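*Asks:* Below is the structure I would like to discuss, written out as structure tokens.
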2 protein chains.
Amino acid sequence: MNLSRREFLGASTALPLAAQISIANGTPAWLAPYREPAARLIGSALADTFAWERIAELTDTFGPRLSGSPALEHAIGWAVRTMQQDGLEHVRAEPVMVPRWVRGVESLDTVTPIPTRVAMLGLGNSVGTPPEGIEGDLLIVTSFEDLESHADDAAGRIVLFDVPFTDYATTVTYRTSGPSRAAAAGAVACLVRSVALPGLRTPHTGMLKYDAGAPRIPAAAIALEDALRFERMQRRGARVRLRLRMGAQVLPDIESANVVGEWSGREKPDEIVVLGAHLDSWDVGAGAIDDGGGAIVMWEAVRLMRALDLRPRRTVRTVLFTNEENGLRGGVGYRDRHRDALPRHVLMLESDSGVFRPMGFGFSGSEAERATVRTIATLLGGIEATRIGPAGGGADIEPSTDAARIPAMSLDVDPSKYFVYHHSEADTVDKLDPIDVARCVAAVAVMAYVVADLPERLGEQS
Amino acid sequence: MNLSRREFLGASTALPLAAQISIANGTPAWLAPYREPAARLIGSALADTFAWERIAELTDTFGPRLSGSPALEHAIGWAVRTMQQDGLEHVRAEPVMVPRWVRGVESLDTVTPIPTRVAMLGLGNSVGTPPEGIEGDLLIVTSFEDLESHADDAAGRIVLFDVPFTDYATTVTYRTSGPSRAAAAGAVACLVRSVALPGLRTPHTGMLKYDAGAPRIPAAAIALEDALRFERMQRRGARVRLRLRMGAQVLPDIESANVVGEWSGREKPDEIVVLGAHLDSWDVGAGAIDDGGGAIVMWEAVRLMRALDLRPRRTVRTVLFTNEENGLRGGVGYRDRHRDALPRHVLMLESDSGVFRPMGFGFSGSEAERATVRTIATLLGGIEATRIGPAGGGADIEPSTDAARIPAMSLDVDPSKYFVYHHSEADTVDKLDPIDVARCVAAVAVMAYVVADLPERLGEQS
């Protein structure tokens, strides 16, 4: 279904237009009262570039916001103050202890054939090297199986997992598990070809996970260009010897916080729709795409309801999680702190794929809940964001949605650019389009408002 | 004119095909004998990816090759040895003293509002800062006029020339002259928005030129993203204070060399066609586009003539210049060493715009010479490289062509990508297409062979 903008904005007729459209489209009668508030939310979201400007303010002012960094704590303080100024209710920072990985000075150089620098970024959670670095001949492998078949060659070497990016889930296993797999085979350090689309010699960082059973060796990402270079050198029979230097270290855990702000329900304030995203980021770029944009969009959806004086039956709560990138302590902390209230969480919606042009939502829940969500999404025809995908969720909300079988939703957007910028220096606000960001706000605001306002709980519509 | 590949490759007919085509197209009779060797040169160049592989070998093995670096001297040694193995004649390194600017450790950080790193590259020839860096509030100007109108505000500040890229000649003046203009107004350091097309937070370095009349202040390039960020912060009224740290220094001049190899003329060996490009590069990226590709293409054109046993009447000489980027000592050194022979230089051709898809040549010379060159270029119809532009030349050949009024030519290529990669870490061989590189070799080989072989000197054809 596609409604024209004119219909959305409510031309007046003898019978209420909303009722006419419902009848014409065969949508359930319960949807009709939501056409007018949906139109107001969409119209207001698209009326200016406020949301984009706020992403810019966040990311320009505080830059990257790694867990444990002063920048993240400054950003958390700003978010609390600004939510309060916006008039959100029960605004607070809910403390969580987070890990504190610090990158330090780092470099990768060829030693043989001659000294040249290689673009790199150490992986999050990696141990450092001794100050003089770790030197080893390069062994290139293209899969875990390839590593097994060259296991005799790995001892004392620096192993590169040279795996082309297909999709994130497939390729990222080499970043998370590769270092311990290489260590188990005797490698002294590990490199991974960046889990990303082609860039401009752009390395992309991200988390590794050490296995208990293998030595902890330092690990870093290199850019596509250098992986291709090493492949060519290997084909030419050139010996490539490298020196990796990383000052990375893990400091003691430190206090951080999830930022929470609400718009309380007028009838059932204890029932909650959560709009979540994470405020922390990696320590490169400015964390605009991952995930400052998501954080601002979720917050904006609530601000917009308040600004339009649209107070739904249930509470809408925005949660700006901490420590998504390297620990998930924010998501786990939310679950633990709100465990008793989780059964009264009607829906949790997360945005963590960048706030590019919205296409709809991924959704995980019952078929009845899905049917309702699908119906609500028809209100987003004017901004072409009606698609309801087969699965939804997000890293921050998953601890809670898993614990209490809460319907889980993700904002789905145009996926074509995310992995160009993801976890790199290029993750900055100029890559986001202000109109697309406004569309994301509109989509989230309409979905959240209607779910929060339904007379019966989500999925109980007849 | 466009000849099909089949015609180029010489289908046999009763009358020689070349003569038929000349008559059909109204081209002068002198061109006819060159159709067959041109077809062989083009066919051989396009038969494999040898040229691209050699650019890869050069840039993979030696990496960036700044004047005064061991890498450049290693590359020069390799080029001499490899040219000799190729069977080029009179291969030698002609010594030139070059300047030695060394970047050192460098960084740019915001101090206010909070500490964040800014992507940057110091400009070539810049002085360094004291070890603790130079701190100053940011002043953004958009032109020299804008600087004049804010001259009262510049004292003690770090001035950013925030000038959108239009074309290189226009925009580069802010990189070359901006630092001294800012210093004259009292600035303590200077930043320039990179002279480049948009990238992925990619700073682009390049040369500055200090005026004798102003203090020498340190200067660096920042990426588009950070220039836009600072603009937004200024619009929001935020104070931006920066700290620039640069360990740059100028060490004493050091010996380098132009690499020269020849294919001697069979009748007039003292008359010379020079095919030039520069082997040095900036100290970032791998100098594949600027200008390792050009160097290999020029050399390849000569290697191909030798491999096909096509020895023209005059000598074809490839010159791989040193120190184009930060001194032009290679070009000046060639002129001075060969001053007496310059009048016998029939043509000098330089490639320094990347070896992307060739479109033809720029040419500066007499109208008679241009008419001959235009006729020769018709032989390149099959690879669509027939265009002869209004002006040609290059930084390395200009000292010579200016000194002796030598016809000057540049290889003209698709210009759309050059300023994405130029002087950045992203200047690597994977950005070049092997077929386009082969086309460049073909175009240069045909043009050089015919000019070198003409019975009368270039421009004296009737």
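Following the order of the structure tokens, first chain is A, next is B, and so on, with residues numbered from 1 inside each chain and ligands from 1 in the order they appear.
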Tell me, as a ChimeraX atom specification, which residues lie within 9 Å of Ser177 of chain A, counting only C-alpha atoms; anything in the same chain fewer than 4 positions away does not count.

*Replies:* /A:172-173,181-182,208-211

*Asks:* Which chain A residues are at most 10 Å from chain B (counting only C-alpha atoms), as a PyMOL selection string?

*Replies:* chain A and resi 53+56-57+59-65+70-71+74+110+112-119+199-202+223-226+228-230+232-233+236+238+240+283-286+420-421+424-431

*Asks:* Residues of the last selection are to be written out with C-alpha atoms, as a short mmCIF file (atom, residue, chain, number, x, y, z; two decimals), in the first residue's frame.

*Replies:*
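Written output follows (selection07.cif):
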```
data_model
loop_
_atom_site.label_atom_id
_atom_site.label_comp_id
_atom_site.auth_asym_id
_atom_site.auth_seq_id
_atom_site.Cartn_x
_atom_site.Cartn_y
_atom_site.Cartn_z
CA GLU A 53 21.99 18.74 13.54
CA ALA A 56 26.36 16.58 14.38
CA GLU A 57 26.44 18.37 17.73
CA THR A 59 29.70 13.77 17.28
CA ASP A 60 31.43 17.09 16.52
CA THR A 61 31.66 18.00 20.19
CA PHE A 62 32.63 14.71 21.78
CA GLY A 63 34.15 12.77 18.90
CA PRO A 64 34.59 9.02 19.35
CA ARG A 65 33.21 7.64 22.60
CA PRO A 70 36.28 10.82 29.21
CA ALA A 71 34.58 11.61 25.88
CA HIS A 74 31.06 13.90 28.73
CA THR A 110 57.27 -4.37 6.73
CA THR A 112 61.52 -7.33 4.61
CA PRO A 113 61.87 -6.54 1.69
CA ILE A 114 62.45 -3.01 3.04
CA PRO A 115 60.85 -0.98 5.86
CA THR A 116 57.49 0.45 4.84
CA ARG A 117 54.50 1.43 6.96
CA VAL A 118 51.24 -0.52 6.69
CA ALA A 119 47.84 1.05 7.48
CA GLY A 199 37.62 2.05 1.01
CA LEU A 200 40.63 4.29 0.66
CA ARG A 201 43.22 2.17 2.45
CA THR A 202 40.87 2.33 5.41
CA ALA A 223 43.13 -2.40 4.88
CA LEU A 224 42.08 -4.23 1.74
CA GLU A 225 44.92 -2.57 -0.18
CA ASP A 226 47.61 -4.07 2.02
CA LEU A 228 46.05 -7.42 -1.79
CA ARG A 229 49.63 -6.19 -1.70
CA PHE A 230 50.73 -9.08 0.52
CA ARG A 232 50.79 -10.25 -4.74
CA MET A 233 54.11 -10.35 -2.91
CA ARG A 236 55.89 -13.27 -6.61
CA ALA A 238 58.82 -12.42 -1.99
CA VAL A 240 57.37 -10.61 3.78
CA ASP A 283 37.75 5.14 19.36
CA VAL A 284 38.08 6.05 15.68
CA GLY A 285 35.79 8.14 13.51
CA ALA A 286 33.12 10.04 15.40
CA VAL A 420 32.12 1.35 4.02
CA TYR A 421 32.32 3.47 7.19
CA SER A 424 36.68 3.37 10.78
CA GLU A 425 37.89 6.97 10.87
CA ALA A 426 35.32 7.72 8.16
CA ASP A 427 32.32 7.22 10.47
CA THR A 428 31.29 10.88 10.55
CA VAL A 429 27.98 12.70 10.32
CA ASP A 430 28.50 14.06 6.80
CA LYS A 431 27.87 10.52 5.51
#
```

*Asks:* Give me the residues near Gly156 of chain A as a list in words, where near means some atom within 7 Å (using only C-alpha atoms) and where sequence neighbours in that chain fewer than 2 positions away do not count.

*Replies:* Gly136, Ala154, Ile158, Gly186, Ala187 and Val188 of chain A

*Asks:* Take the residues just selected and output them with C-alpha atoms as a CSV table (one decimal), in the first residue's frame.

*Replies:*
```csv
chain,number,residue,atom,x,y,z
A,136,GLY,CA,57.5,-12.5,12.3
A,154,ALA,CA,52.2,-21.0,11.5
A,158,ILE,CA,52.3,-13.4,11.9
A,186,GLY,CA,51.6,-21.2,17.1
A,187,ALA,CA,51.3,-17.7,15.6
A,188,VAL,CA,52.9,-14.8,17.5
```

*Asks:* For Ala452 of chain B, please output as a PyMOL selection string all residues within 7 Å (counting only C-alpha atoms; exclusion window: fewer than 4 positions along the same chain).

*Replies:* chain B and resi 273+312-316+448

*Asks:* Output N, CA and C atoms for every residue in the selection just made, as a CSV table (one decimal), in the first residue's frame.

*Replies:*
```csv
chain,number,residue,atom,x,y,z
B,273,VAL,N,63.9,11.5,-28.5
B,273,VAL,CA,62.5,11.6,-28.0
B,273,VAL,C,62.6,11.1,-26.5
B,312,PRO,N,63.6,2.8,-34.2
B,312,PRO,CA,63.3,4.0,-35.0
B,312,PRO,C,64.6,4.7,-35.4
B,313,ARG,N,64.4,5.7,-36.3
B,313,ARG,CA,65.6,6.4,-36.8
B,313,ARG,C,66.3,7.2,-35.7
B,314,ARG,N,65.5,7.7,-34.7
B,314,ARG,CA,66.1,8.5,-33.6
B,314,ARG,C,66.1,7.7,-32.3
B,315,THR,N,66.7,8.2,-31.4
B,315,THR,CA,66.8,7.5,-30.0
B,315,THR,C,65.5,7.8,-29.2
B,316,VAL,N,65.0,6.8,-28.6
B,316,VAL,CA,63.9,7.0,-27.6
B,316,VAL,C,64.6,6.8,-26.2
B,448,ALA,N,55.6,7.8,-29.5
B,448,ALA,CA,57.0,7.9,-29.4
B,448,ALA,C,57.7,7.3,-30.6
```

*Asks:* Met298 of chain A: which residues within 8 Å, counting only C-alpha atoms, same-chain residues fewer than 2 positions away excluded, as a list in words?

*Replies:* Leu275, Gly276, Ala277, Gly294, Ala295, Ile296, Glu300, Ala301, Val302, Thr318, Ser351, Val441 and Val444 of chain A

*Asks:* For the selection just defined, write its residues with C-alpha atoms to a file, as a PDB file, in the first residue's frame.

*Replies:*
```pdb
ATOM      1  CA  LEU A 275      13.566   2.712  21.931  1.00  0.00           C
ATOM      2  CA  GLY A 276      17.228   1.828  22.213  1.00  0.00           C
ATOM      3  CA  ALA A 277      20.556   2.556  20.560  1.00  0.00           C
ATOM      4  CA  GLY A 294      20.653   5.728  16.163  1.00  0.00           C
ATOM      5  CA  ALA A 295      20.830   7.225  19.647  1.00  0.00           C
ATOM      6  CA  ILE A 296      19.626  10.613  18.473  1.00  0.00           C
ATOM      7  CA  GLU A 300      14.052  12.330  18.832  1.00  0.00           C
ATOM      8  CA  ALA A 301      11.063  10.026  18.425  1.00  0.00           C
ATOM      9  CA  VAL A 302      10.214  10.604  22.092  1.00  0.00           C
ATOM     10  CA  THR A 318      14.483   5.884  25.173  1.00  0.00           C
ATOM     11  CA  SER A 351      18.591   1.151  15.752  1.00  0.00           C
ATOM     12  CA  VAL A 441      12.717   9.583  13.205  1.00  0.00           C
ATOM     13  CA  VAL A 444      10.324   5.105  14.722  1.00  0.00           C
TER      14      VAL A 444
END
```
